[in-house]
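Peer 1: Below you'll find the structure I mean.
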Amino acid sequence: MQIKHLELTHFRNYHTLSLDLHPGLTIVTGENAQGKTNLLEAIFLLSLAKSHRTNHDQEMIQWTQEFAKISAEIENNLFTFPLEIILSSKGKIAKYNYIDQSKLSQFIGKLNVVLFSPEDMQLVKGSPGIRRKFIDSELGQFHPVYLQKLLKYNQILKQRNTYLKQIKQKNIKYDSVYFDIITEQLIETATSIIHYRINFIKELQEFSRPLHFSLSNQRDELRIEYKASSSKLDYSELDNLKRQLEILFNQVKAREIDQAVTLYGPHRDDILFYVNNNLAQQFASQGQQRTIVLSIKLAELHLIEKSTGEYPVLLLDDVLSELDDHRQNILMEQIENKVQTILTTATIENINLQNLNNSEIICINQGTLKKESIQNVRKTK
Ligand SMILES: Nc1ncnc2c1ncn2[C@@H]1O[C@H](COP(=O)(O)OP(=O)(O)OP(=O)(O)O)[C@@H](O)[C@H]1O
C-alpha cells in the first residue's frame with residue numbers, strides 16, 4: 001500500500017501543500033518547528049481519523065482559518081482510491097471514494113500506517129494506559145469489528161461506573177437485576193476484546209522476537225505477555241474466560257459497590273515486556289527500550305501484511321538518527337523495496353545514506369518543501 005499524492009489545506013503550518021510521494025523511502029529534513037511532524041500527523045489522521053499527539057482536532061486547523069483539509073490518493077494491490085478528512089468547528093468529515101463515512105470505524109484502516117515517534121519510547125516504561133492505547137489503535141486499524149466492540153465496552157463501562165456512583169451517593173436504589181444485566185453485557189464484550197488482544201500479542205511476539213534478537217546483536221530474547229487485571233484470571237485458559245470473569249465479578253460485587261468503580265476488566269489490563277526474562281518496565285536502558293519499540297514496530301509491518309495482504313506505510317518521526325549503524329541497516333533491510341517509508345530528521349548527519357538508493361530527500365522550511373536528489377545530498381555531506 002502506498003500514498004501516491006498528498007494535499008493539505010490550512011493544516012497546522014501548511015497553508016497549502018501538494019506533494020507526490022516516492023514509493024520507497026522519503027527523508028524529510030529541516031530544522032526544528034518547520035512542519036516535519038505535522039506532515040506525518042496529517043498522514044496518521046488519514047489512517048486512524050485522529051491525531052497521534054492531540055485529542056483536540058481544532059488544534060490542527062491553521063490559526064485564523066475556519067477549516068483544515070487533508071486529502072490523498074492511495075494505491076493498494078487492487079486499485080487507487082481517494083481519502084479525505086475535513087476538520088472544522090462543526091466536527092470532522094471523513095470521506096472514502098468521495099463519500100462521507102458517517103461511522104468513522106468504516107473509514108479507519110482504509111490506509112494502514114505504522115508510526116514510530118519519540119513518544120513511543122513511553123510504551124515500555126510509561127503507564128499501562130499507553131500500552132492499552134497502543135494495542136487498541138493497532139488492532140483497530142485492521143479489525144473494524146474490534147473497534148466496534150471496544151466502543152461498546154467503553155459505553156457499558158461508563159454506564160456501569162455511573163450507576164455505581166449513583167448508588168454510592170444514594171441517588172438511586174440498588175437494583176440487582178439491572179446491575180446483573182449490565183455486568184453480563186460488560187463480561188460478554190470484555191471476553192471478545194481480551195481474545196482479540198491475546199491473539200494480537202501472540203502474533204506480535206512471534207514476529208518481534210527474531211527481529212529483536214538480530215537488532216540486539218543476538219544478545220537479547222524478547223518476550224511479550226498480556227497481563228490480566230486480576231491474578232484470579234488465567235488467560236492461558238481462554239476457553240472458559242467468560243466463566244472466569246463471571247466468577248470474579250460475582251466475588252468483587254460488594255467491593256465495587258463500596259468503591260463505586262469497575263475494578264477489573266480489559267480497561268485495566270497491561271502488556272509486559274521481558275528481555276532475557278527480566279521485566280523491561282523495571283530495568284531496560286534507553287537503548288534497550290528503543291530496540292524493543294523498534295522490533296515491535298517492525299513486527300507490526302509483518303502483522304499487517306499477514307492480515308491485509310499488504311505492507312502498511314511506515315512513518316518514522318525523528319527516530320532514525322538515534323539508532324546505531326547496525327540497527328539502521330536492519331531497519332533498511334526490512335523496508336527495502338516493499339514498505340513505503342517517510343522519515344523525518346532534523347539533520348541527516350547521523351544517517352547512513354550509502355545504501356539508500358530507492359529514496360528521495362525533501363528539505364522543509366516553514367511548511368515549504370523542496371525535493372533534493374540523494375546523490376546531491378551525499379555529495380554535500
Ligand atoms: N494550528 C497551527 N497553525 C499554524 N501553525 C501551527 C499550528 N500548530 C502548530 N503550528 C506550527 O507548526 C510548527 C511545528 O511543526 P512540527 O511539530 O511539525 O515541527 P518539526 O519540524 O517536527 O520540529 P521538531 O524537529 O522540533 O520536532 C511550529 O512552528 C508551530 O508553531
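Residues in the C-alpha cells are numbered from 1 in each chain, the chains being A, B, ... in the order shown, and ligands are numbered from 1 in the order shown.
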Can you list, as number ranges by chain, all residues belonging to range 119-251 of chain A that DSSP tags as strand (DSSP E or B)?

Peer 2: A: 222-227

Peer 1: Could you save the residues just selected, with N, CA and C atoms, as a compact mmCIF listing (two decimals), in the first residue's frame?

Peer 2:
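Saved to out-v1.txt:
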```txt
# COMPACT_ATOMS: atom_id res chain seq x y z
N LEU A 222 13.40 -11.35 23.47
CA LEU A 222 12.23 -10.57 23.90
C LEU A 222 11.02 -11.49 24.10
N ARG A 223 10.32 -11.26 25.19
CA ARG A 223 9.05 -11.97 25.41
C ARG A 223 7.98 -10.94 25.75
N ILE A 224 6.81 -11.08 25.16
CA ILE A 224 5.73 -10.13 25.44
C ILE A 224 4.55 -10.90 26.03
N GLU A 225 4.02 -10.36 27.10
CA GLU A 225 2.91 -11.05 27.78
C GLU A 225 1.73 -10.11 27.96
N TYR A 226 0.54 -10.62 27.79
CA TYR A 226 -0.65 -9.82 28.08
C TYR A 226 -1.05 -10.12 29.52
N LYS A 227 -1.11 -9.07 30.35
CA LYS A 227 -1.32 -9.30 31.78
C LYS A 227 -2.75 -8.95 32.19
```

Peer 1: Write as an mmCIF file with C-alpha atoms, in the first residue's frame the residues around ligand 1, taking 10 Å as the cut-off and counting only C-alpha atoms and all ligand atoms.

Peer 2:
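Output contents, as saved in selection.cif:
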```cif
data_model
loop_
_atom_site.group_PDB
_atom_site.id
_atom_site.type_symbol
_atom_site.label_atom_id
_atom_site.label_comp_id
_atom_site.auth_asym_id
_atom_site.auth_seq_id
_atom_site.Cartn_x
_atom_site.Cartn_y
_atom_site.Cartn_z
ATOM 1 C CA HIS A 10 -4.825 25.037 6.264
ATOM 2 C CA PHE A 11 -3.334 22.136 8.189
ATOM 3 C CA ARG A 12 -1.137 23.441 11.031
ATOM 4 C CA ASN A 13 1.727 25.423 9.430
ATOM 5 C CA TYR A 14 0.834 24.274 5.880
ATOM 6 C CA HIS A 15 -1.299 26.857 4.140
ATOM 7 C CA VAL A 28 12.062 14.793 5.284
ATOM 8 C CA THR A 29 14.720 17.003 6.794
ATOM 9 C CA GLY A 30 14.694 20.506 8.225
ATOM 10 C CA GLU A 31 15.325 22.492 11.370
ATOM 11 C CA ASN A 32 13.085 22.286 14.420
ATOM 12 C CA ALA A 33 9.484 23.516 14.213
ATOM 13 C CA GLN A 34 9.346 23.568 10.403
ATOM 14 C CA GLY A 35 6.460 21.116 9.939
ATOM 15 C CA LYS A 36 8.094 17.684 9.745
ATOM 16 C CA THR A 37 5.924 16.072 12.417
ATOM 17 C CA ASN A 38 2.884 17.963 11.119
ATOM 18 C CA LEU A 39 3.290 16.148 7.807
ATOM 19 C CA LEU A 40 3.318 12.730 9.491
ATOM 20 C CA GLU A 41 0.416 13.750 11.723
ATOM 21 C CA ALA A 42 -1.665 14.541 8.621
ATOM 22 C CA ARG A 53 -0.463 13.829 19.567
ATOM 23 C CA ASP A 57 -8.961 18.357 16.367
ATOM 24 C CA GLN A 58 -9.287 22.159 16.431
ATOM 25 C CA GLU A 59 -5.570 22.447 17.237
ATOM 26 C CA MET A 60 -4.746 21.120 13.775
ATOM 27 C CA ILE A 61 -6.645 23.845 11.925
ATOM 28 C CA GLN A 62 -4.282 26.596 10.875
ATOM 29 C CA TRP A 63 -4.599 29.591 13.176
ATOM 30 C CA THR A 64 -7.075 32.191 11.825
ATOM 31 C CA GLN A 65 -8.596 29.624 9.398
ATOM 32 C CA ALA A 68 -8.365 22.152 7.583
ATOM 33 C CA SER A 117 7.753 8.542 17.144
ATOM 34 C CA PRO A 118 9.802 9.582 20.196
ATOM 35 C CA ASP A 317 9.387 10.604 13.302
ATOM 36 C CA ASP A 318 12.852 11.656 14.333
ATOM 37 C CA THR A 344 11.758 12.900 9.447
ATOM 38 C CA THR A 345 15.030 14.092 10.851
ATOM 39 C CA ALA A 346 16.420 17.462 11.914
ATOM 40 C CA THR A 347 19.792 16.509 10.447
ATOM 41 C CA ILE A 364 11.479 21.543 4.627
ATOM 42 C CA ASN A 365 11.465 25.170 5.662
ATOM 43 C CA GLN A 366 8.434 26.734 7.423
ATOM 44 C CA GLY A 367 5.996 24.422 5.692
#
```

Peer 1: Rank A:Lys370, A:Lys170, A:Lys165, A:Arg327 by their smallest atom-to-atom distance to Gln288 in chain A, using only C-alpha atoms, and report the top residue only.

Peer 2: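 Smallest separation from Gln288 in chain A among the options: A:Arg327.
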
Peer 1: Report the closest atom pair, with its distance in Å rounded to one decimal, for each residue of range 250-294 of chain A that has an atom no farther than 8 Å from range 213-220 of chain A; count only C-alpha atoms, sort by chain and then rising residue number, and write it as a tab-separated table.

Peer 2:
```
residue	atom	partner	partner_atom	distance
A:Val275	CA	A:Asp220	CA	6.1
A:Asn276	CA	A:Asp220	CA	5.8
A:Thr291	CA	A:Leu215	CA	6.8
```

Peer 1: Using DSSP on the backbone, list every residue of range 135-369 of chain A that comes out as alpha helix (DSSP H), and give them as a VMD selection string.

Peer 2: chain A and resid 135 to 142 144 to 168 176 to 215 241 to 251 253 to 259 280 to 283 286 to 308 325 to 335

Peer 1: Excluding range 94-99 of chain A and residues on its chain fewer than 3 positions from it, collect all residues at most 6 Å away from it, counting only C-alpha atoms, and give them as a ChimeraX atom specification.

Peer 2: /A:81-85

Peer 1: Which of these residues is nearest to Val313 in chain A, using only C-alpha atoms: A:Asp20, A:Glu66, A:Asp180, A:Glu75?

Peer 2: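 Residue with the minimum atom-to-atom distance to Val313 in chain A: A:Glu75.
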
Peer 1: Got a sec: who's within 7 Å of Ala280 in chain A, counting only C-alpha atoms, leaving out chain neighbours fewer than 6 positions off, as JSON, numbers by chain?

Peer 2: {"A": [124, 273, 274]}

Peer 1: Write the residues you've just listed into a file as a PDB file, in the first residue's frame, and include N, CA and C atoms for each of them.

Peer 2:
```pdb
ATOM      1  N   VAL A 124       7.311   1.223  26.773  1.00  0.00           N
ATOM      2  CA  VAL A 124       7.883   0.243  27.699  1.00  0.00           C
ATOM      3  C   VAL A 124       7.713   0.685  29.155  1.00  0.00           C
ATOM      4  N   PHE A 273       6.786  -6.533  28.954  1.00  0.00           N
ATOM      5  CA  PHE A 273       7.905  -6.877  28.083  1.00  0.00           C
ATOM      6  C   PHE A 273       9.029  -7.446  28.944  1.00  0.00           C
ATOM      7  N   TYR A 274       9.533  -8.609  28.531  1.00  0.00           N
ATOM      8  CA  TYR A 274      10.673  -9.206  29.230  1.00  0.00           C
ATOM      9  C   TYR A 274      11.853  -9.317  28.272  1.00  0.00           C
TER      10      TYR A 274
END
```

Peer 1: As a PyMOL selection string, please: the residues near range 297-306 of chain A (cut-off 12 Å, only C-alpha atoms, same-chain neighbours under 5 positions excluded).

Peer 2: chain A and resi 1+76-77+109+111-117+120-121+123+134-135+137-143+199-212+215+290-292+311-316+319+327+330-335+338-341

Peer 1: For the contact check between range 136-165 of chain A and range 171-176 of chain A, emit one row per residue of range 136-165 of chain A within 12 Å, containing the shortest atom pair and the distance in Å rounded to one decimal, counting only C-alpha atoms, chain then rising number order, as JSON lines.

Peer 2:
```
{"residue": "A:Thr162", "atom": "CA", "partner": "A:Asn171", "partner_atom": "CA", "distance": 10.9}
{"residue": "A:Tyr163", "atom": "CA", "partner": "A:Ile172", "partner_atom": "CA", "distance": 8.4}
{"residue": "A:Leu164", "atom": "CA", "partner": "A:Tyr174", "partner_atom": "CA", "distance": 8.8}
{"residue": "A:Lys165", "atom": "CA", "partner": "A:Asn171", "partner_atom": "CA", "distance": 8.6}
```
